[in-house]
Amino acid sequence: MPKLTIEELEKLRERAKKATFLRETTDYRAKITVHMGTCGIAAGAREIMNAFLQELQARDITDVLLTNSGCAGLCSREPMATIEIKGQAPVKYVDLTPEKVKQIFEKHVLGGEIVQDYALGIGSEKTDY
Amino acid sequence: MEEKTTPTRYRLHLMVCAGTACVSNRSFEIKEALEKELKKQGLENEVLVVTTGCNGFCERGPLLVVQPGNIFYQQLTVKDIPYLVEEHFLKGRPVQKLMYTPPEEKKPIPVLNDIDFFKKQVLIALRNRGLIDPEKIEDYIARDGYRALVKALTQMTPEEIIEEIKKSGLRGRGGAGFPTGLKWEFVRLASPANGGLKYLVCNGDEGDPGAFMDRSILEADPHSVIEGMVIGAKAIGAQQGYVYIRNEYPLALKRLTLALEQAREYGLLGKDILGTGFDFDIKVARGAGAFVCGEETALLASIEGRLGEPRPRPPYPAQRGLYGQPTCINNVETWANVPVIINRGAEWFSKIGTKTSKGTKVFSLVGKINNTGLVEVPMGITLREIIFEIGGGIPGGKEFKAVQTGGPSGGCIPKEKLDLPIDYESLTEAGSMMGSGGMVVMDEDTCMVDVAKYFLSFTQDESCGKCTPCREGTKAMLDILERITKGEGTEEDLQLLEDLAVSIKETALCGLGKTAPNPVLTTLRYFRDEYLTHIRDKKCPAHVCRDLNVYTIDEKICLEVGHGCDVCRRNCASEAIIGEKNQPHRIIQEKCIKCGVCYDVCKFGAVKVD
């Protein structure tokens with residue numbers, strides 16, 4: 001590996017920050033929660049999780065938190081995900097497919113516009129964490 | 001450089017503690033189990049496992065912190081991993097039973113920052129704690145690593161660097177507290193003899209019993225020390241540096257060596273650093289574990305390959321150090337502070353701490369304390385806050401008796417001084433010293449005479465023997481303490497101890513000898529009663545000094561509660577206990593060797609010690 005110049009060090013830093021931001025960022029612009037109860041997984045939640053992860057990776061986005069939680073209670077409408085733009089009420093999406101994820105990601109997560117066709121309702125039940 | 005696209009996007013980073021304490025608690029097995037289980041669940045591209053340096057909360061290892069969210073899991077076993085991976089990492093349900101629950105409470109605390117142990121800590125030297133893999137230079141760089149170096153090499157003159165360090169108020173973290181910037185200035189202004197070089201040394205010869213700050217920093221964040229040293233080298237004009245590190249620290253040695261190789265590969269060390277024309281390299285010198293080699297002149301002799309013995313100062317190493325040339329020697333923690341001061345500025349740094357002592361100090365909290373571990377706290381915090389809030393107090397509802405700071409050179413501080421704000425001056429005034437940061441907590445079951453004896457026998461063992469006061473004087477003091485703990489002491493002995501202590505302090509050659517009497521002096525100052533009880537009543541109040549203990553059996557309890565169970569008699573190696581089964585038992589004092597086994601094995605509390 002050749003020696004670094006100062007500019008190369010700074011480039012390396014940018015790259016390194018992108019690889020490690022998850023450990024430090026506490027302030028996210030948006031939060032995506034995929035519901036991963038047994039019912040969700042059986043209905044294909046893993047695929048949904050992967051679809052979101054791919055969107056984040058492809059667009060190199062670091063200010064959106066992707067996480068999972070247990071069953072949301074509406075097992076018949078799984079796979080489900082909740083999208084919460086900071087400062088706004090969370091929105092639940094149901095009967096998801098990777099194609100729907102793409103649209104929801106572009107319109108809601110990036111554009112801030114709720115995709116009414118796939119949304120169940122607004123709000124989220126309280127949890128301990 | 002290898003140009004890749006965006007780094008893999010994970011959704012979780014699992015930070016597994018791989019400091020020495022957690023490693024000895026098998027944290028590498030935890031890591032392997034996690035990776036295996038993640039693969040089994042098909043999560044290996046979603047969840048990354050990272051090994052970090054010491055998290056600090058060693059008492060609860062092996063530890064795992066889940067990011068984002070700072071969810072703190074503790075006392076993990078390999079058996080817990082499949083459940084944890086499925087519940088939390090796959091299904092998103094954090095596992096409460098693996099979280100930390102404070103003693104005497106019922107509800108677990110999920111998030112690291114909410115735990116008392118972490119709440120009051122301020123991290124400067126340990127700024128990257130739990131956030132980086134110490135074996136990856138990229139992780140350090142991501143946390144603004146080597147940014148201070150760029151600043152120092154391109155925007156600051158050596159004089160400006162020294163001025164910044166002076167203004168910050170940083171003082172030596174090895175214990176004596178000499179102002180770092182001033183030391184740098186001395187070396188900067190000194191001229192090498194015969195056109196030679198100036199040297200720069202990192203003292204990693206941590207030897208105080210119970211101290212592990214420097215080891216942890218080198219294990220957890222070796223680049224912070226390297227970066228500090230390169231900045232120091234630019235300031236004083238050195239081209240060659242050494243890190244002196246004990247061979248008993250294999251993990252620190254391994255990670256430091258790796259870090260040096262990485263820094264060299266990236267051109268952050270060696271010739272023409274970052275293309276700025278500045279040359280500096282660092283060698284590792286391994287110490288063989290002699291305590292005296294932590295003393296700077298002995299350490300330098302040891303690097304040169306000579307016997308590790310101190311020599312009189314002056315001349316100080318700043319004038320005549322390694323190979324007779326001007327040498328700047330600072331402790332591991334001091335070096336780790338330097339990049340932060342350059343990055344954030346002297347003003348920011350000097351706002352933390354007290355009037356005379358700026359910044360933070362890392363302590364290793366050990367002994368009779370609930371939360372054993374490594375803590376970094378602002379100067380000026382009280383002992384009470386460290387011991388009872390961060391440390392969680394004394395286990396088993398026992399009474400706090402004293403805290404020993406500064407290792408064999410320090411002293412024992414009693415309960416009355418718990419509200420002492422900690423800085424260099426206040427600790428010295430209390431008869432102890434800051435030292436490198438060992439903090440040994442003692443409870444009511446500790447005998448202070450025995451503690452003084454322990455530390456003195458340590459210095460006696462480690463005394464290099466070069467000067468008479470240390471070699472013979474500490475031996476004479478130790479003999480007296482041994483007499484006292486055997487019940488053979490006299491009240492005149494206390495005066496003799498004090499006289500000896502004063503003359504050793506005044507006449508010993510090096511810092512080790514000069515401070516060796518401190519544990520005796522502080523215990524005499526604060527716990528004189530205990531000495532007198534040993535001498536006058538021939539008793540050890542804490543029942544530690546075996547020769548003074550008298551064991552007896554309460555025959556009533558033995559018969560009525562224990563029904564003469566006979567366990568004590570069967571366990572007594574010296575056949576000093578007589579009695580038939582179902583009958584009361586008795587100890588024949590002439591035969592008793594005071595081993596205390598009968599006391600330990602009696603389930604009914606019939607055996608008494610006095």
# chains A, B, ... in the order shown; residues from 1 in each chain; ligands from 1

$ select_by_dssp --residues "range 3-107 of chain A" --states "helix (DSSP H, G or I)" --output "PyMOL selection string"
chain A and resi 6-23+38-43+45-59+75-77+98-107

$ write_last_selection --atoms "C-alpha atoms" --output "short mmCIF file (atom, residue, chain, number, x, y, z; two decimals), in the first residue's frame"
data_model
loop_
_atom_site.label_atom_id
_atom_site.label_comp_id
_atom_site.auth_asym_id
_atom_site.auth_seq_id
_atom_site.Cartn_x
_atom_site.Cartn_y
_atom_site.Cartn_z
CA ILE A 6 -2.92 14.51 3.30
CA GLU A 7 -5.71 14.54 0.68
CA GLU A 8 -5.70 10.76 0.53
CA LEU A 9 -5.87 10.56 4.31
CA GLU A 10 -8.98 12.74 4.27
CA LYS A 11 -10.56 10.59 1.56
CA LEU A 12 -9.78 7.51 3.56
CA ARG A 13 -11.38 9.17 6.57
CA GLU A 14 -14.61 9.81 4.67
CA ARG A 15 -14.76 6.19 3.60
CA ALA A 16 -13.91 4.95 7.09
CA LYS A 17 -16.61 7.15 8.60
CA LYS A 18 -19.17 5.59 6.27
CA ALA A 19 -18.14 2.14 7.41
CA THR A 20 -18.49 2.99 11.08
CA PHE A 21 -21.22 5.65 11.38
CA LEU A 22 -23.66 3.12 12.86
CA ARG A 23 -21.62 3.09 16.08
CA THR A 38 -42.27 -15.27 13.43
CA CYS A 39 -45.33 -14.28 11.39
CA GLY A 40 -43.45 -11.49 9.65
CA ILE A 41 -40.51 -13.70 8.79
CA ALA A 42 -42.83 -16.42 7.48
CA ALA A 43 -44.55 -13.84 5.28
CA ALA A 45 -39.98 -9.91 6.20
CA ARG A 46 -36.38 -10.97 5.62
CA GLU A 47 -36.74 -10.04 1.97
CA ILE A 48 -38.23 -6.70 2.97
CA MET A 49 -35.33 -6.04 5.33
CA ASN A 50 -32.88 -6.85 2.54
CA ALA A 51 -34.70 -4.61 0.12
CA PHE A 52 -34.41 -1.64 2.51
CA LEU A 53 -30.78 -2.46 3.22
CA GLN A 54 -30.05 -2.52 -0.52
CA GLU A 55 -31.69 0.86 -1.02
CA LEU A 56 -29.53 2.33 1.75
CA GLN A 57 -26.41 0.73 0.35
CA ALA A 58 -27.07 1.71 -3.26
CA ARG A 59 -27.79 5.32 -2.39
CA CYS A 75 -50.18 -10.93 11.49
CA SER A 76 -52.51 -11.26 8.53
CA ARG A 77 -51.08 -8.14 6.90
CA PRO A 98 -39.64 -5.66 -2.48
CA GLU A 99 -41.22 -3.60 -5.29
CA LYS A 100 -43.42 -1.71 -2.84
CA VAL A 101 -40.35 -1.12 -0.66
CA LYS A 102 -38.64 0.60 -3.57
CA GLN A 103 -41.56 2.96 -4.07
CA ILE A 104 -42.03 3.63 -0.37
CA PHE A 105 -38.32 4.30 0.00
CA GLU A 106 -38.21 6.77 -2.85
CA LYS A 107 -41.45 8.56 -2.09
#

$ select_by_dssp --residues "chain A" --states "strand (DSSP E or B)" --output "ChimeraX atom specification"
/A:30-35,64-69,81-85,91-93,119-122

$ closest_residue --among "A:Ala30, A:Val115, A:Leu4, A:Val109" --to "chain B" --atoms "only C-alpha atoms"
A:Leu4

$ closest_residue --among "A:Gln116, A:Ser69, A:Thr82, A:Thr26" --to "chain B" --atoms "only C-alpha atoms"
A:Ser69

$ closest_residue --among "B:Lys151, B:Lys514, B:Lys31, B:Lys79" --to "chain A" --atoms "only C-alpha atoms"
B:Lys151

$ closest_residue --among "A:Glu113, A:Asp27, A:Asp60, A:Asp95" --to "chain B" --atoms "only C-alpha atoms"
A:Asp60

$ closest_atom_pairs --of "chain B" --to "chain A" --cutoff "6 Å" --atoms "only C-alpha atoms" --output "CSV"
residue,atom,partner,partner_atom,distance
B:Pro7,CA,A:Ala19,CA,5.5
B:Arg9,CA,A:Gln57,CA,5.4
B:Gln67,CA,A:Arg23,CA,5.1
B:Pro68,CA,A:Leu22,CA,5.5
B:Lys91,CA,A:Met36,CA,4.7
B:Gly92,CA,A:Ser69,CA,3.9
B:Arg93,CA,A:Gly70,CA,5.9
B:Glu138,CA,A:Ala16,CA,5.6
B:Ile141,CA,A:Arg13,CA,5.6
B:Ala142,CA,A:Lys17,CA,4.6
B:Tyr266,CA,A:Lys3,CA,4.5
B:Gly267,CA,A:Lys3,CA,4.5
B:Leu274,CA,A:Thr5,CA,4.9
B:Gly275,CA,A:Thr5,CA,6.0

$ write_last_selection --atoms "C-alpha atoms" --output "PDB file, in the first residue's frame"
ATOM      1  CA  PRO B   7     -18.481   0.176   2.300  1.00  0.00           C
ATOM      2  CA  ARG B   9     -24.020  -1.274   4.709  1.00  0.00           C
ATOM      3  CA  GLN B  67     -24.925  -0.347  17.861  1.00  0.00           C
ATOM      4  CA  PRO B  68     -26.890   1.651  17.037  1.00  0.00           C
ATOM      5  CA  LYS B  91     -36.535 -10.668  15.503  1.00  0.00           C
ATOM      6  CA  GLY B  92     -35.744  -7.337  17.096  1.00  0.00           C
ATOM      7  CA  ARG B  93     -36.551  -8.247  20.672  1.00  0.00           C
ATOM      8  CA  GLU B 138      -9.251   2.882   9.458  1.00  0.00           C
ATOM      9  CA  ILE B 141      -8.996   7.421  11.321  1.00  0.00           C
ATOM     10  CA  ALA B 142     -12.807   7.442  11.181  1.00  0.00           C
ATOM     11  CA  TYR B 266       0.257   4.623   5.406  1.00  0.00           C
ATOM     12  CA  GLY B 267       3.207   6.970   5.732  1.00  0.00           C
ATOM     13  CA  LEU B 274       2.344  12.569   4.910  1.00  0.00           C
ATOM     14  CA  GLY B 275       4.678  14.146   2.387  1.00  0.00           C
TER      15      GLY B 275
END

$ residues_around --residues "Pro315 in chain B" --least-positions-apart "6" --cutoff "12 Å" --atoms "only C-alpha atoms" --output "ChimeraX atom specification"
/B:186,190,297,321-322,324-327

$ closest_residue --among "B:Leu374, B:Ile352, B:Leu494, B:Cys464" --to "Gly438 in chain B" --atoms "only C-alpha atoms"
B:Leu374
